[in-house]
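> Got structure15.cif for you, mmCIF, C-alpha atoms and all ligand atoms:
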```cif
data_data
loop_
_atom_site.label_atom_id
_atom_site.label_comp_id
_atom_site.auth_asym_id
_atom_site.auth_seq_id
_atom_site.Cartn_x
_atom_site.Cartn_y
_atom_site.Cartn_z
CA MET A 1 -8.96 -22.01 10.73
CA PRO A 2 -7.27 -20.15 7.85
CA ASP A 3 -3.53 -20.23 7.28
CA LEU A 4 -1.21 -18.15 5.10
CA PHE A 5 -2.13 -20.22 2.06
CA SER A 6 -5.91 -20.17 2.47
CA PRO A 7 -7.86 -18.28 -0.19
CA PHE A 8 -9.40 -14.97 0.84
CA THR A 9 -12.59 -13.56 -0.62
CA LEU A 10 -13.52 -9.89 -0.40
CA LYS A 11 -16.60 -8.78 -2.31
CA GLY A 12 -16.45 -10.48 -5.72
CA VAL A 13 -12.69 -11.10 -5.66
CA THR A 14 -10.91 -14.20 -4.38
CA LEU A 15 -7.16 -14.20 -3.71
CA ARG A 16 -5.40 -17.57 -3.94
CA ASN A 17 -3.67 -16.93 -0.59
CA ARG A 18 -3.20 -14.31 2.14
CA ILE A 19 0.07 -12.86 0.81
CA ALA A 20 0.18 -9.41 -0.82
CA MET A 21 3.08 -7.58 -2.39
CA SER A 22 2.86 -4.17 -0.69
CA PRO A 23 3.00 -1.02 -2.85
CA MET A 24 6.56 0.15 -3.42
CA THR A 25 7.65 3.25 -5.31
CA MET A 26 10.45 2.27 -7.66
CA TYR A 27 11.31 5.55 -9.46
CA ARG A 28 11.30 3.86 -12.87
CA ALA A 29 8.28 5.39 -14.62
CA VAL A 30 8.63 7.65 -17.66
CA ASP A 31 6.23 10.61 -17.79
CA GLY A 32 4.16 8.76 -15.22
CA ARG A 33 3.92 5.69 -17.47
CA MET A 34 4.80 2.14 -16.46
CA THR A 35 7.47 0.39 -18.51
CA ASP A 36 8.92 -3.09 -19.13
CA PHE A 37 10.57 -2.76 -15.72
CA HIS A 38 7.17 -2.78 -14.01
CA VAL A 39 5.94 -5.71 -16.10
CA MET A 40 9.06 -7.62 -15.02
CA LEU A 41 8.78 -6.65 -11.33
CA MET A 42 5.09 -7.35 -10.87
CA GLY A 43 5.02 -10.32 -13.25
CA SER A 44 7.81 -12.08 -11.38
CA ARG A 45 6.08 -11.61 -8.01
CA ALA A 46 2.78 -12.90 -9.39
CA ALA A 47 4.65 -15.89 -10.83
CA GLY A 48 6.32 -16.33 -7.43
CA GLY A 49 2.98 -17.01 -5.78
CA PHE A 50 1.80 -13.69 -4.29
CA GLY A 51 -2.00 -13.60 -4.14
CA LEU A 52 -2.38 -9.82 -4.45
CA VAL A 53 0.15 -7.64 -6.26
CA PHE A 54 0.43 -3.85 -6.02
CA PRO A 55 2.67 -1.71 -8.16
CA GLU A 56 3.77 1.48 -6.45
CA GLN A 57 1.61 4.37 -5.27
CA ILE A 58 0.05 5.77 -8.45
CA ALA A 59 -0.40 9.55 -8.50
CA ILE A 60 -3.80 11.04 -9.31
CA THR A 61 -2.22 14.31 -10.50
CA PRO A 62 1.32 15.21 -11.68
CA ASP A 63 2.05 17.02 -8.41
CA GLY A 64 0.89 13.93 -6.51
CA ARG A 65 4.07 12.05 -7.42
CA THR A 66 7.01 11.64 -5.09
CA GLY A 67 9.37 12.62 -7.90
CA THR A 68 9.24 12.95 -11.67
CA SER A 69 10.14 9.26 -12.16
CA CYS A 70 7.06 8.04 -10.28
CA ALA A 71 3.96 6.55 -11.89
CA GLY A 72 0.68 8.32 -12.45
CA ILE A 73 -2.86 7.89 -13.69
CA TRP A 74 -3.97 11.43 -14.49
CA ASP A 75 -4.01 10.89 -18.24
CA ASP A 76 -5.55 8.25 -20.52
CA SER A 77 -2.15 7.68 -22.14
CA GLN A 78 -1.02 6.09 -18.86
CA ILE A 79 -3.62 3.31 -19.07
CA GLU A 80 -1.68 1.21 -21.56
CA GLY A 81 1.40 0.66 -19.34
CA LEU A 82 -0.81 -0.11 -16.36
CA ALA A 83 -2.85 -2.56 -18.46
CA ARG A 84 0.32 -4.44 -19.41
CA VAL A 85 1.08 -4.80 -15.70
CA THR A 86 -2.41 -6.02 -14.78
CA ALA A 87 -2.38 -8.49 -17.70
CA ILE A 88 0.82 -10.24 -16.57
CA ILE A 89 -0.33 -10.29 -12.93
CA LYS A 90 -3.60 -11.99 -13.92
CA ASP A 91 -1.88 -14.35 -16.33
CA MET A 92 0.27 -15.56 -13.41
CA GLY A 93 -2.80 -16.18 -11.25
CA ALA A 94 -2.70 -13.17 -8.91
CA VAL A 95 -5.07 -10.22 -8.48
CA PRO A 96 -3.82 -6.78 -9.59
CA ALA A 97 -4.30 -3.98 -7.04
CA ILE A 98 -3.78 -0.27 -7.42
CA GLN A 99 -2.85 2.24 -4.73
CA LEU A 100 -4.11 5.71 -5.61
CA GLY A 101 -2.29 8.53 -3.93
CA HIS A 102 -1.11 12.09 -3.75
CA THR A 103 2.12 12.98 -1.95
CA GLY A 104 0.96 16.43 -0.77
CA ARG A 105 3.69 18.37 1.02
CA LYS A 106 6.14 15.45 0.71
CA GLY A 107 6.29 15.57 -3.10
CA SER A 108 8.84 17.18 -5.43
CA GLU A 109 11.52 14.91 -4.10
CA LYS A 110 14.89 13.63 -5.31
CA LYS A 111 15.38 9.87 -5.56
CA PRO A 112 16.28 8.43 -2.14
CA TRP A 113 19.73 7.28 -3.26
CA GLU A 114 20.42 10.75 -4.72
CA GLY A 115 19.71 12.49 -1.43
CA LYS A 116 15.92 12.31 -0.80
CA THR A 117 15.72 16.06 -0.35
CA GLN A 118 12.92 18.22 -1.66
CA LEU A 119 13.48 20.14 -4.90
CA PRO A 120 12.40 23.79 -5.09
CA PRO A 121 9.34 24.70 -7.21
CA ASP A 122 11.53 26.36 -9.86
CA HIS A 123 13.74 23.29 -10.37
CA PRO A 124 13.06 21.46 -13.69
CA ASP A 125 12.13 18.32 -11.70
CA GLY A 126 10.39 20.15 -8.86
CA TRP A 127 6.99 21.74 -8.28
CA GLN A 128 4.94 23.79 -5.83
CA VAL A 129 3.72 21.32 -3.21
CA ARG A 130 0.16 21.48 -1.88
CA ALA A 131 -1.32 20.37 1.44
CA PRO A 132 -4.19 21.17 3.83
CA SER A 133 -2.23 24.01 5.50
CA ALA A 134 0.78 26.10 4.53
CA ILE A 135 3.04 24.24 6.95
CA PRO A 136 6.19 22.62 5.58
CA TYR A 137 6.93 19.15 6.93
CA GLY A 138 10.35 20.37 8.07
CA GLY A 139 13.72 18.68 8.00
CA ARG A 140 14.48 17.80 4.40
CA TYR A 141 11.08 19.11 3.14
CA ASN A 142 11.32 22.82 3.69
CA PHE A 143 9.94 24.71 0.69
CA PRO A 144 6.76 26.80 1.10
CA VAL A 145 3.52 24.84 0.95
CA HIS A 146 0.39 26.05 -0.82
CA ALA A 147 -2.73 25.56 1.34
CA LEU A 148 -5.44 23.98 -0.81
CA THR A 149 -8.56 26.01 -1.44
CA VAL A 150 -11.93 24.27 -1.14
CA GLU A 151 -12.26 24.41 -4.92
CA GLU A 152 -8.88 22.68 -5.30
CA ILE A 153 -9.97 20.01 -2.82
CA LYS A 154 -13.08 19.35 -4.95
CA ASP A 155 -10.85 19.10 -8.04
CA LEU A 156 -8.73 16.51 -6.25
CA HIS A 157 -11.80 14.46 -5.46
CA GLN A 158 -12.71 14.56 -9.14
CA SER A 159 -9.13 13.44 -9.92
CA TYR A 160 -9.62 10.46 -7.58
CA ALA A 161 -12.80 9.51 -9.41
CA ASP A 162 -11.19 9.92 -12.85
CA ALA A 163 -8.22 7.86 -11.67
CA ALA A 164 -10.52 5.09 -10.42
CA LYS A 165 -12.25 4.94 -13.82
CA ARG A 166 -8.87 4.63 -15.55
CA ALA A 167 -7.80 1.97 -13.02
CA LEU A 168 -10.86 -0.05 -13.96
CA ALA A 169 -10.11 0.40 -17.66
CA ALA A 170 -6.54 -0.79 -17.01
CA GLY A 171 -7.85 -4.03 -15.46
CA PHE A 172 -7.28 -3.48 -11.74
CA GLU A 173 -9.61 -5.45 -9.45
CA TRP A 174 -8.72 -3.97 -6.06
CA LEU A 175 -8.31 -0.30 -5.18
CA GLU A 176 -6.50 1.10 -2.15
CA MET A 177 -6.60 4.79 -1.24
CA HIS A 178 -3.24 5.89 0.18
CA PHE A 179 -3.97 7.90 3.31
CA ALA A 180 -0.68 7.18 5.11
CA HIS A 181 3.03 8.01 5.30
CA GLY A 182 2.70 11.78 5.55
CA TYR A 183 1.16 12.15 2.11
CA LEU A 184 -1.95 14.19 1.36
CA GLY A 185 -4.56 11.94 2.99
CA ALA A 186 -2.35 11.44 6.03
CA SER A 187 -1.80 15.16 6.42
CA PHE A 188 -5.52 15.98 6.26
CA PHE A 189 -6.02 13.47 9.10
CA SER A 190 -3.21 14.78 11.30
CA PRO A 191 -3.40 17.91 13.49
CA LEU A 192 0.36 18.22 12.92
CA ALA A 193 -0.22 19.06 9.25
CA ASN A 194 -3.86 20.16 9.16
CA GLN A 195 -4.53 23.42 10.98
CA ARG A 196 -7.39 24.59 8.79
CA THR A 197 -10.21 26.50 10.37
CA ASP A 198 -12.84 25.58 7.75
CA ALA A 199 -14.92 22.39 7.37
CA TYR A 200 -11.78 20.35 6.50
CA GLY A 201 -9.89 21.05 9.72
CA GLY A 202 -10.22 21.20 13.49
CA SER A 203 -12.36 18.39 14.90
CA LEU A 204 -11.70 14.73 14.09
CA GLU A 205 -14.89 14.66 12.00
CA ASN A 206 -13.67 17.65 9.98
CA ARG A 207 -10.19 16.18 9.55
CA LEU A 208 -11.90 13.11 8.05
CA ARG A 209 -14.04 15.07 5.57
CA PHE A 210 -11.38 14.92 2.84
CA HIS A 211 -11.31 11.10 3.09
CA ARG A 212 -15.09 10.68 3.25
CA GLU A 213 -15.55 12.76 0.12
CA ALA A 214 -12.69 11.00 -1.67
CA MET A 215 -14.16 7.58 -0.83
CA ASP A 216 -17.62 8.69 -1.97
CA ALA A 217 -16.20 9.98 -5.26
CA VAL A 218 -14.37 6.71 -5.91
CA ARG A 219 -17.13 4.40 -4.73
CA ALA A 220 -19.52 6.12 -7.14
CA VAL A 221 -17.45 4.91 -10.13
CA TRP A 222 -15.68 1.83 -8.73
CA PRO A 223 -17.93 -1.23 -9.08
CA GLU A 224 -19.57 -2.53 -5.92
CA ARG A 225 -18.28 -6.07 -6.65
CA LEU A 226 -14.63 -4.89 -6.40
CA PRO A 227 -12.87 -4.17 -3.08
CA LEU A 228 -12.25 -0.58 -2.03
CA THR A 229 -9.66 -0.38 0.72
CA MET A 230 -7.37 2.19 2.31
CA ARG A 231 -3.94 2.43 3.87
CA LEU A 232 -4.33 4.72 6.86
CA GLY A 233 -1.69 6.66 8.75
CA SER A 234 -3.05 5.31 12.00
CA ASP A 235 -0.52 6.69 14.47
CA ASP A 236 1.85 9.66 14.35
CA PHE A 237 3.81 8.43 17.39
CA ASN A 238 3.74 12.05 18.57
CA GLU A 239 1.55 13.41 21.38
CA HIS A 240 0.24 16.24 19.17
CA GLY A 241 -0.52 14.05 16.17
CA VAL A 242 -2.87 11.20 15.22
CA GLN A 243 -3.44 8.71 18.05
CA PHE A 244 -4.46 5.15 17.34
CA ASP A 245 -7.90 5.76 18.91
CA ASP A 246 -8.51 8.32 16.12
CA ALA A 247 -7.72 5.65 13.55
CA VAL A 248 -10.17 3.18 15.07
CA HIS A 249 -12.85 5.84 14.83
CA ALA A 250 -11.83 6.75 11.24
CA VAL A 251 -12.12 3.17 10.03
CA GLY A 252 -15.61 2.96 11.51
CA VAL A 253 -16.65 6.17 9.77
CA LEU A 254 -15.17 5.18 6.42
CA LYS A 255 -16.76 1.74 6.62
CA GLY A 256 -19.99 3.67 6.29
CA HIS A 257 -18.64 5.17 3.05
CA GLY A 258 -17.91 1.88 1.31
CA LEU A 259 -14.58 0.83 2.85
CA ASP A 260 -14.10 -2.96 2.58
CA LEU A 261 -10.74 -3.47 4.32
CA ALA A 262 -8.32 -1.33 6.34
CA ASP A 263 -4.55 -1.56 5.84
CA LEU A 264 -3.15 0.05 9.00
CA SER A 265 0.18 1.80 8.65
CA LEU A 266 2.02 4.79 10.10
CA GLY A 267 1.19 8.50 9.94
CA MET A 268 4.73 9.71 9.27
CA ASN A 269 3.60 13.33 9.48
CA THR A 270 6.72 14.33 11.39
CA ASP A 271 10.26 13.18 11.99
CA ALA A 272 9.63 13.82 15.69
CA MET A 273 8.28 10.34 16.33
CA LYS A 274 8.64 8.73 19.73
CA ASP A 275 9.16 5.04 20.37
CA VAL A 276 8.27 3.64 16.95
CA PRO A 277 9.16 -0.02 17.20
CA PHE A 278 10.65 -0.06 13.67
CA ASN A 279 12.81 -3.07 14.43
CA GLN A 280 10.18 -5.12 16.19
CA VAL A 281 8.64 -8.06 14.38
CA ALA A 282 4.98 -7.64 13.36
CA PHE A 283 4.59 -4.42 15.35
CA MET A 284 1.36 -3.25 13.68
CA VAL A 285 -0.51 -6.54 14.13
CA GLU A 286 -1.92 -6.02 17.59
CA ARG A 287 -3.19 -2.55 16.72
CA ALA A 288 -4.81 -3.80 13.52
CA ASN A 289 -6.46 -6.61 15.42
CA ARG A 290 -8.14 -4.05 17.64
CA VAL A 291 -9.68 -2.43 14.54
CA ARG A 292 -10.76 -5.85 13.28
CA ARG A 293 -12.53 -6.63 16.56
CA GLU A 294 -14.02 -3.23 17.33
CA ILE A 295 -15.08 -2.20 13.82
CA ASP A 296 -15.76 -5.69 12.46
CA ILE A 297 -13.89 -5.17 9.20
CA PRO A 298 -11.09 -7.19 7.54
CA VAL A 299 -7.62 -5.76 8.16
CA ALA A 300 -4.15 -6.01 6.70
CA VAL A 301 -0.76 -4.73 7.80
CA SER A 302 2.80 -4.61 6.59
CA TRP A 303 5.96 -3.99 8.68
CA ASN A 304 8.32 -6.81 9.56
CA LEU A 305 6.24 -9.81 8.59
CA GLY A 306 8.87 -11.47 6.38
CA LEU A 307 9.48 -14.51 8.58
CA PRO A 308 7.13 -17.20 7.25
CA ALA A 309 6.25 -18.62 10.66
CA VAL A 310 5.29 -15.16 11.92
CA ALA A 311 3.22 -14.36 8.83
CA ASP A 312 1.46 -17.71 9.09
CA ARG A 313 0.83 -17.35 12.82
CA VAL A 314 -0.86 -13.94 12.60
CA ILE A 315 -3.25 -15.36 10.00
CA ARG A 316 -3.90 -18.62 11.90
CA GLN A 317 -4.61 -16.67 15.08
CA GLU A 318 -7.02 -14.55 13.03
CA GLN A 319 -5.30 -11.39 14.19
CA ILE A 320 -5.25 -9.99 10.66
CA ASP A 321 -6.70 -11.13 7.33
CA LEU A 322 -3.88 -10.36 4.87
CA VAL A 323 -0.12 -10.06 5.19
CA PHE A 324 1.46 -7.23 3.18
CA LEU A 325 5.13 -7.70 2.34
CA GLY A 326 7.29 -4.80 1.19
CA ARG A 327 11.02 -5.43 1.52
CA PRO A 328 10.64 -9.23 1.58
CA ALA A 329 8.83 -9.04 -1.77
CA LEU A 330 11.69 -7.00 -3.22
CA ALA A 331 14.27 -9.37 -1.76
CA ASN A 332 12.68 -12.63 -2.86
CA PRO A 333 10.36 -12.85 -5.90
CA HIS A 334 9.37 -16.37 -4.80
CA TRP A 335 8.75 -15.51 -1.15
CA PRO A 336 5.40 -17.41 -1.08
CA VAL A 337 6.89 -20.62 -2.49
CA TRP A 338 9.90 -20.31 -0.20
CA ALA A 339 7.58 -19.69 2.76
CA ALA A 340 5.54 -22.75 1.84
CA ARG A 341 8.71 -24.88 1.96
CA GLU A 342 9.76 -23.37 5.26
CA LEU A 343 6.33 -24.12 6.69
CA ALA A 344 6.32 -27.71 5.40
CA HIS A 345 3.42 -27.14 3.00
CA ASN A 346 2.68 -30.41 1.23
CA ASP A 347 2.99 -28.92 -2.28
CA PRO A 348 4.76 -25.51 -2.38
CA PHE A 349 4.84 -25.35 -6.16
CA SER A 350 1.06 -25.52 -6.27
CA LEU A 351 1.25 -21.79 -5.48
CA ILE A 352 2.54 -20.91 -8.94
CA PRO A 353 1.09 -21.38 -12.44
CA GLU A 354 0.81 -25.01 -13.49
CA ASP A 355 2.68 -24.63 -16.79
CA TRP A 356 5.67 -23.59 -14.69
CA SER A 357 5.23 -25.69 -11.57
CA TRP A 358 4.67 -28.92 -13.56
CA TRP A 359 8.38 -29.12 -14.36
CA LEU A 360 9.42 -28.58 -10.79
CA ARG A 361 6.87 -30.95 -9.30
CA SER A 362 7.47 -33.75 -11.77
CA ARG A 363 11.28 -33.41 -11.98
CA PRO A 364 12.45 -32.34 -8.52
CA GLY A 365 15.83 -34.14 -8.59
CA PRO A 366 17.60 -34.97 -5.33
CA GLU A 367 16.62 -32.98 -2.23
CA GLY A 368 17.95 -29.42 -2.34
CA SER A 369 18.88 -29.45 -6.03
CA LEU A 370 16.10 -27.00 -6.97
CA GLY A 371 17.92 -24.35 -4.98
CA TRP A 372 15.58 -24.04 -2.02
CA PRO A 373 16.59 -24.45 1.61
CA THR A 374 15.27 -27.74 2.87
CA VAL A 375 14.04 -26.89 6.35
CA ALA A 376 13.10 -23.87 8.41
CA THR A 377 16.25 -22.26 9.69
CA THR A 378 15.19 -19.49 12.06
CA ASP A 379 14.16 -19.30 15.68
CA ILE A 380 10.72 -17.75 15.61
CA PRO A 381 10.38 -14.55 17.65
CA PRO A 382 7.13 -13.99 19.55
CA THR A 383 4.47 -11.73 18.06
CA PRO A 384 3.59 -8.74 20.24
C1 LIG A 401 11.32 0.80 -1.82
C2 LIG A 401 10.05 1.04 -1.06
C3 LIG A 401 9.05 1.83 -1.61
C4 LIG A 401 7.84 2.03 -0.92
N1 LIG A 401 6.83 2.73 -1.54
C5 LIG A 401 5.60 2.74 -0.98
C6 LIG A 401 4.48 3.24 -1.68
O1 LIG A 401 4.55 3.64 -2.85
N2 LIG A 401 3.28 3.26 -1.03
C7 LIG A 401 3.15 2.79 0.25
O2 LIG A 401 2.05 2.84 0.80
N3 LIG A 401 4.18 2.28 0.92
C8 LIG A 401 5.39 2.21 0.33
N4 LIG A 401 6.43 1.60 0.98
C9 LIG A 401 6.17 0.93 2.27
C10 LIG A 401 5.86 -0.55 2.06
O3 LIG A 401 4.69 -0.74 1.27
C11 LIG A 401 5.67 -1.27 3.40
O4 LIG A 401 4.54 -0.74 4.03
C12 LIG A 401 6.88 -1.10 4.31
O5 LIG A 401 8.09 -1.36 3.61
C13 LIG A 401 6.79 -2.05 5.52
O6 LIG A 401 6.69 -3.38 5.09
P1 LIG A 401 7.95 -4.39 5.13
O7 LIG A 401 8.42 -4.47 6.57
O8 LIG A 401 7.41 -5.71 4.64
O9 LIG A 401 9.00 -3.83 4.22
C14 LIG A 401 7.65 1.44 0.34
C15 LIG A 401 8.69 0.68 0.91
C16 LIG A 401 9.86 0.45 0.21
C17 LIG A 401 10.92 -0.43 0.84
#
```
Written as structure tokens, how would this file's structure read?


Amino acid sequence: MPDLFSPFTLKGVTLRNRIAMSPMTMYRAVDGRMTDFHVMLMGSRAAGGFGLVFPEQIAITPDGRTGTSCAGIWDDSQIEGLARVTAIIKDMGAVPAIQLGHTGRKGSEKKPWEGKTQLPPDHPDGWQVRAPSAIPYGGRYNFPVHALTVEEIKDLHQSYADAAKRALAAGFEWLEMHFAHGYLGASFFSPLANQRTDAYGGSLENRLRFHREAMDAVRAVWPERLPLTMRLGSDDFNEHGVQFDDAVHAVGVLKGHGLDLADLSLGMNTDAMKDVPFNQVAFMVERANRVRREIDIPVAVSWNLGLPAVADRVIRQEQIDLVFLGRPALANPHWPVWAARELAHNDPFSLIPEDWSWWLRSRPGPEGSLGWPTVATTDIPPTP
């Protein structure tokens, strides 16, 4: 029976444990390039014991960014910053993963703490957003949307392939396609955003064409020995949007196009969501487990898995294969080592590089003096 600290092998890649730092957009890139900030952020999490480390969503085209301070991979000059990030992640014993994405109609945005509203196309930091149909998201995203032509869709698939080649050159060993959170892939999948009448819209099969072609384009250049995964907007929590049954079907279809693992997340194609259990612990686990059983594919989820006993339990019960941590990874660079202590692991510092852990293992001092809590402190809520 695996636990949170068991290695995990997918294709030719083995993670030292089941803990991933989930992709998180940090608004710190310069002209799409990663900086010292990203080396610090990802390096510290790799040194803190995470097995798989993602930087933020990386845009395949300039208009695929959330805002102008987000990272990209549309130009060879962006490889160097990304390569510095992958080098430190590997040096600290983790596997570097990239999330390729395009924000679609949710791009051209101000930083969240500056208002998170959309900027108009004629603003110096704004642009004309593109999506399957000319339907603005609404609410704070209200500028006109350009409906992609078929030729533009083909160009985007080429951009995915070019991005995957650059990702390989930068040293990434795991590639996730971002098809969630209301961004371009999510909006092609959702009838709320995709009302095309051509081969890319209408039926479920047509609404999956964009993803099939994107996966094919990437798989053709991304080595077979390296995992190709996706984050899917698996539920819009709206009666007119994506239903979880659609997602189960989609994972099955995309498995046939080279998908190695499904990371199930939310559609977020509308603010009109009903009954999303945002404050419930581990609320995506049960759904993901259904995909794991019915499609026979490894699965991962994020959302409220930051309590070590919960994260460990969902792995031990073989409900999911990997735990993705977003906010907990921002809050605690050493979450895996801390979790190991909470879970009474016999050697928590074995999770981090030996030239670092040696000092802590051989000179621990009196109990508690290394700054870690000594015992688990929380009542453990049940997993749904
Ligand atoms: C600051 C921040 C930035 C995020 N950026 C991304 C992103 O670039 N791509 C993505 O797929 N999810 C993004 N997310 C979502 C997280 O990856 C994760 O799925 C979500 O926070 C739920 O996990 P958690 O409960 O462990 O935080 C972001 C979340 C946060 C807090």

> Please identify all polymer residues within 10 Å of Lys110 of chain A, counting all atoms listed in the file, omitting same-chain residues fewer than 4 positions from it, and present them as a compact mmCIF listing (two decimals) with C-alpha atoms, in the frame of the given file.


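Output (part-v1.txt):
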```txt
# COMPACT_ATOMS: atom_id res chain seq x y z
CA TYR A 27 11.31 5.55 -9.46
CA THR A 66 7.01 11.64 -5.09
CA GLY A 67 9.37 12.62 -7.90
CA THR A 68 9.24 12.95 -11.67
CA SER A 69 10.14 9.26 -12.16
CA GLU A 114 20.42 10.75 -4.72
CA GLY A 115 19.71 12.49 -1.43
CA LYS A 116 15.92 12.31 -0.80
CA THR A 117 15.72 16.06 -0.35
CA GLN A 118 12.92 18.22 -1.66
CA LEU A 119 13.48 20.14 -4.90
CA ASP A 125 12.13 18.32 -11.70
CA GLY A 126 10.39 20.15 -8.86
```

> Considering only C-alpha atoms and all ligand atoms, can you say which of A:Glu56, A:Glu224, A:Asp31, A:Glu318 comes closest to ligand LIG 401 (chain A)?

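Checking each candidate against ligand LIG 401 (chain A), we get A:Glu56 as the closest.
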
> With all atoms listed in the file counted and 6 Å as the cut-off, give the residues of chain A in contact with ligand LIG 401 (chain A), each with its shortest interatomic distance in Å and the pair that gives it, as CSV.


```
residue,atom,partner,partner_atom,distance
A:Ser22,CA,A:LIG401,O3,4.4
A:Pro23,CA,A:LIG401,O3,4.5
A:Met24,CA,A:LIG401,N1,3.2
A:Thr25,CA,A:LIG401,N1,3.9
A:Glu56,CA,A:LIG401,O1,4.3
A:Gln57,CA,A:LIG401,O1,3.9
A:Ser302,CA,A:LIG401,O6,4.3
A:Trp303,CA,A:LIG401,O7,3.3
A:Asn304,CA,A:LIG401,O7,3.8
A:Leu305,CA,A:LIG401,O8,5.8
A:Leu325,CA,A:LIG401,O8,3.8
A:Gly326,CA,A:LIG401,O8,3.6
A:Arg327,CA,A:LIG401,O9,3.7
A:Pro328,CA,A:LIG401,O8,5.7
```

> Identify the residues around (8.1, -11.2, 6.5) within a radius of 12 Å, measuring from all atoms listed in the file in the coordinates stated by the file, and give them as a ChimeraX atom specification.

/A:4,19-22,280-283,301-314,323-332,335-336,338-339,380-381

> Hey, could you pull the box centre and edge lengths for segment 80-91 of chain A, axis-aligned, 5 Å padding per side, all listed atoms, to one decimal in Å, as JSON?


```
{"center_x": -1.1, "center_y": -6.6, "center_z": -17.2, "size_x": 15.0, "size_y": 25.6, "size_z": 18.6}
```

> Could you give me, as an NGL selection string, the residues within 10 Å of segment 147-157 of chain A, counting all atoms listed in the file and dropping anything in the same chain fewer than 5 positions from it?

:A and (60-61 or 64 or 102 or 104-105 or 129-135 or 162-163 or 194 or 196 or 198-200 or 210-211 or 213-218)

> Do you have the atom CA of Ile297 of chain A-atom CA of Gly233 of chain A distance handy?

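Answer for the atom CA of Ile297 of chain A to atom CA of Gly233 of chain A separation: 17.0 Å.
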
> For each of A:Asp236, A:Arg316, A:Val13, A:Ser265, take the minimum atom-to-atom distance to Pro223 of chain A, counting all atoms listed in the file, then give the residue where this is smallest.

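So, comparing all the options, the nearest one is A:Val13.
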
> Would you work out the distance separating atom CA of Asp246 of chain A from atom CA of Phe54 of chain A, expressed in Å to one decimal?

26.8 Å

> Identify, on the basis of only C-alpha atoms, every residue whose closest approach to Val30 of chain A does not exceed 12 Å; exclude the query and any residue fewer than 6 positions from it along the same chain; express the result as a list in words.

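Answer for this query is Asp36, Phe37, His38, Gly67, Thr68, Ser69, Cys70, Ala71, Gly72, Ser77, Gln78 and Gly81 of chain A.
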
> Using only C-alpha atoms, please write the residues we just selected to a file, as a PDB file, keeping the file's coordinate frame.


```
ATOM      1  CA  ASP A  36       8.920  -3.090 -19.130  1.00  0.00           C
ATOM      2  CA  PHE A  37      10.570  -2.760 -15.720  1.00  0.00           C
ATOM      3  CA  HIS A  38       7.170  -2.780 -14.010  1.00  0.00           C
ATOM      4  CA  GLY A  67       9.370  12.620  -7.900  1.00  0.00           C
ATOM      5  CA  THR A  68       9.240  12.950 -11.670  1.00  0.00           C
ATOM      6  CA  SER A  69      10.140   9.260 -12.160  1.00  0.00           C
ATOM      7  CA  CYS A  70       7.060   8.040 -10.280  1.00  0.00           C
ATOM      8  CA  ALA A  71       3.960   6.550 -11.890  1.00  0.00           C
ATOM      9  CA  GLY A  72       0.680   8.320 -12.450  1.00  0.00           C
ATOM     10  CA  SER A  77      -2.150   7.680 -22.140  1.00  0.00           C
ATOM     11  CA  GLN A  78      -1.020   6.090 -18.860  1.00  0.00           C
ATOM     12  CA  GLY A  81       1.400   0.660 -19.340  1.00  0.00           C
TER      13      GLY A  81
END
```

> Choose the residue, out of A:Ala94, A:Ala300, A:Ile295, A:Met268, that has the smallest atom-to-atom separation from Glu176 of chain A; count all atoms listed in the file.

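Of A:Ala94, A:Ala300, A:Ile295, A:Met268, the one nearest Glu176 of chain A, counting all atoms listed in the file, is A:Ala300.
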
> Using all atoms listed in the file, which of A:Met273, A:Arg212, A:Asn206, A:Pro124 sits nearest Glu239 of chain A?

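The shortest atom-to-atom distance to Glu239 of chain A comes from A:Met273.
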
> Work out how far apart atom CA of Tyr183 of chain A and atom CA of Leu259 of chain A are and give it in Å to one decimal.

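For atom CA of Tyr183 of chain A relative to atom CA of Leu259 of chain A, the distance reads 19.4 Å.
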
> Between A:His334, A:Arg341, A:Lys11, A:Arg207, which has the minimum distance to Trp174 of chain A (counting all atoms listed in the file)?

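Of A:His334, A:Arg341, A:Lys11, A:Arg207, the one nearest Trp174 of chain A is A:Lys11, counting all atoms listed in the file.
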